[in-house]
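First the structure, in the form of structure tokens, and then the observations on it.
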Amino acid sequence: AWLPAEAQVVTKDIAEQLGKPGLTGFRVTYVYAGTSAEEAGLAMGDIITSVDGMALEASEPEQYEELPTLIRQYKIGSVVELAILRDGNETKLPVTLIESP
């Protein structure tokens with residue numbers, strides 16, 4: 001399974017720039033057009049903090065595989081609930097995972 005978006009680790013430097021020291025997870029850098037992620041409302045700049053209630057703890061660049069590894073454990077067509085931080089507000093987005101290209 002694949003989440004049709006690109007994301008980078010929220011490093012300590014990025015967390016501090018956002019005014020949220022201690023924040024961990026992944027910042028969305030690109031959402032593929034016409035995909036389930038776009039339809040769900042995922043947007044560039046969103047911070048993904050958890051998947052189905054499992055907190056993302058990545059805070060160093062070398063931890064970039066945490067999110068993709070977690071997503072690959074699901075079956076294609078599964079719906080996951082992403083907890084995202086957008087403009088300082090936390091919300092939950094159900095996103096259908098698709099087949100990896």
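For the structure tokens, the naming scheme is as follows: chains receive sequential letters (A, B, ...) according to their order of presentation, residues are indexed from 1 within each chain, and ligands are indexed from 1 in presentation order.
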Next on the checklist: Quick one: residues within 10 Å of segment 62-77 of chain A, only C-alpha atoms, excluding same-chain residues fewer than 2 positions away - as an MDAnalysis selection string?
Outcome noted: chainID A and resid 1:3 6:11 25:26 36 48:51 54 56:60 79:80 95:100
Next on the checklist: If you run DSSP on the backbone here, which positions in chain A get helix (DSSP H, G or I)? Please write them as a PyMOL selection string.
Outcome noted: chain A and resi 12-17+36-40+61-63+66-72
Next on the checklist: When you look at Ala43 of chain A with a cut-off of 8 Å (counting only C-alpha atoms), what residues show up, excluding the ones that are within fewer than 5 positions of it in the same chain? I need them as a PyMOL selection string.
Outcome noted: chain A and resi 28+30-31+38
Checklist entry - Within 8 Å of Gly45 of chain A, counting only C-alpha atoms, which residues qualify if same-chain residues fewer than 4 places away don't, as a ChimeraX atom specification? => result /A:27-29,86
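For the choices A:Ala33, A:Ala55, A:Leu42, A:Ile47, the atom-to-atom distance to Ile14 of chain A is smallest for A:Ile47 when using only C-alpha atoms.
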Next on the checklist: DSSP on the backbone, strand (DSSP E) only: what residues of segment 4-97 of chain A does that give? Format it as an NGL selection string.
Outcome noted: :A and (5-9 or 26-31 or 47-51 or 54-55 or 79-86 or 89-96)
For the residues in the current selection, export C-alpha atoms as a short mmCIF file (atom, residue, chain, number, x, y, z; two decimals), in the first residue's frame.
data_model
loop_
_atom_site.label_atom_id
_atom_site.label_comp_id
_atom_site.auth_asym_id
_atom_site.auth_seq_id
_atom_site.Cartn_x
_atom_site.Cartn_y
_atom_site.Cartn_z
CA ALA A 5 2.01 12.05 -1.08
CA GLU A 6 5.62 12.98 -0.38
CA ALA A 7 6.69 13.95 3.11
CA GLN A 8 9.79 14.89 5.06
CA VAL A 9 10.70 14.23 8.68
CA PHE A 26 6.18 14.16 8.81
CA ARG A 27 5.51 17.39 6.91
CA VAL A 28 3.68 16.88 3.60
CA THR A 29 5.76 18.37 0.78
CA TYR A 30 3.67 17.17 -2.19
CA VAL A 31 0.26 15.59 -2.76
CA ILE A 47 2.08 17.71 9.58
CA ILE A 48 1.17 14.03 9.93
CA THR A 49 1.54 13.17 13.63
CA SER A 50 -0.06 9.71 13.73
CA VAL A 51 -1.54 6.91 11.62
CA MET A 54 0.06 5.24 16.28
CA ALA A 55 2.23 8.27 16.99
CA VAL A 79 -8.50 3.40 4.91
CA VAL A 80 -6.17 4.91 7.50
CA GLU A 81 -6.92 7.80 9.81
CA LEU A 82 -4.17 10.40 9.68
CA ALA A 83 -3.91 12.87 12.56
CA ILE A 84 -2.67 16.08 11.01
CA LEU A 85 -1.67 19.46 12.30
CA ARG A 86 -2.72 22.32 10.02
CA ASN A 89 -5.22 22.87 14.65
CA GLU A 90 -5.27 19.08 14.86
CA THR A 91 -7.74 17.23 12.69
CA LYS A 92 -8.23 13.68 11.48
CA LEU A 93 -8.39 12.68 7.81
CA PRO A 94 -9.44 9.25 6.54
CA VAL A 95 -7.30 8.41 3.51
CA THR A 96 -7.55 5.35 1.27
#
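Between atom CA of Lys20 of chain A and atom CA of Ala37 of chain A there is a distance of 25.1 Å.
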Checklist entry - What is the distance between atom CA of Asp46 of chain A and atom CA of Tyr32 of chain A, in Å to one decimal? => result 14.0 Å
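For the pair atom CA of Gln17 of chain A and atom CA of Gly88 of chain A, the interatomic distance is 13.0 Å.
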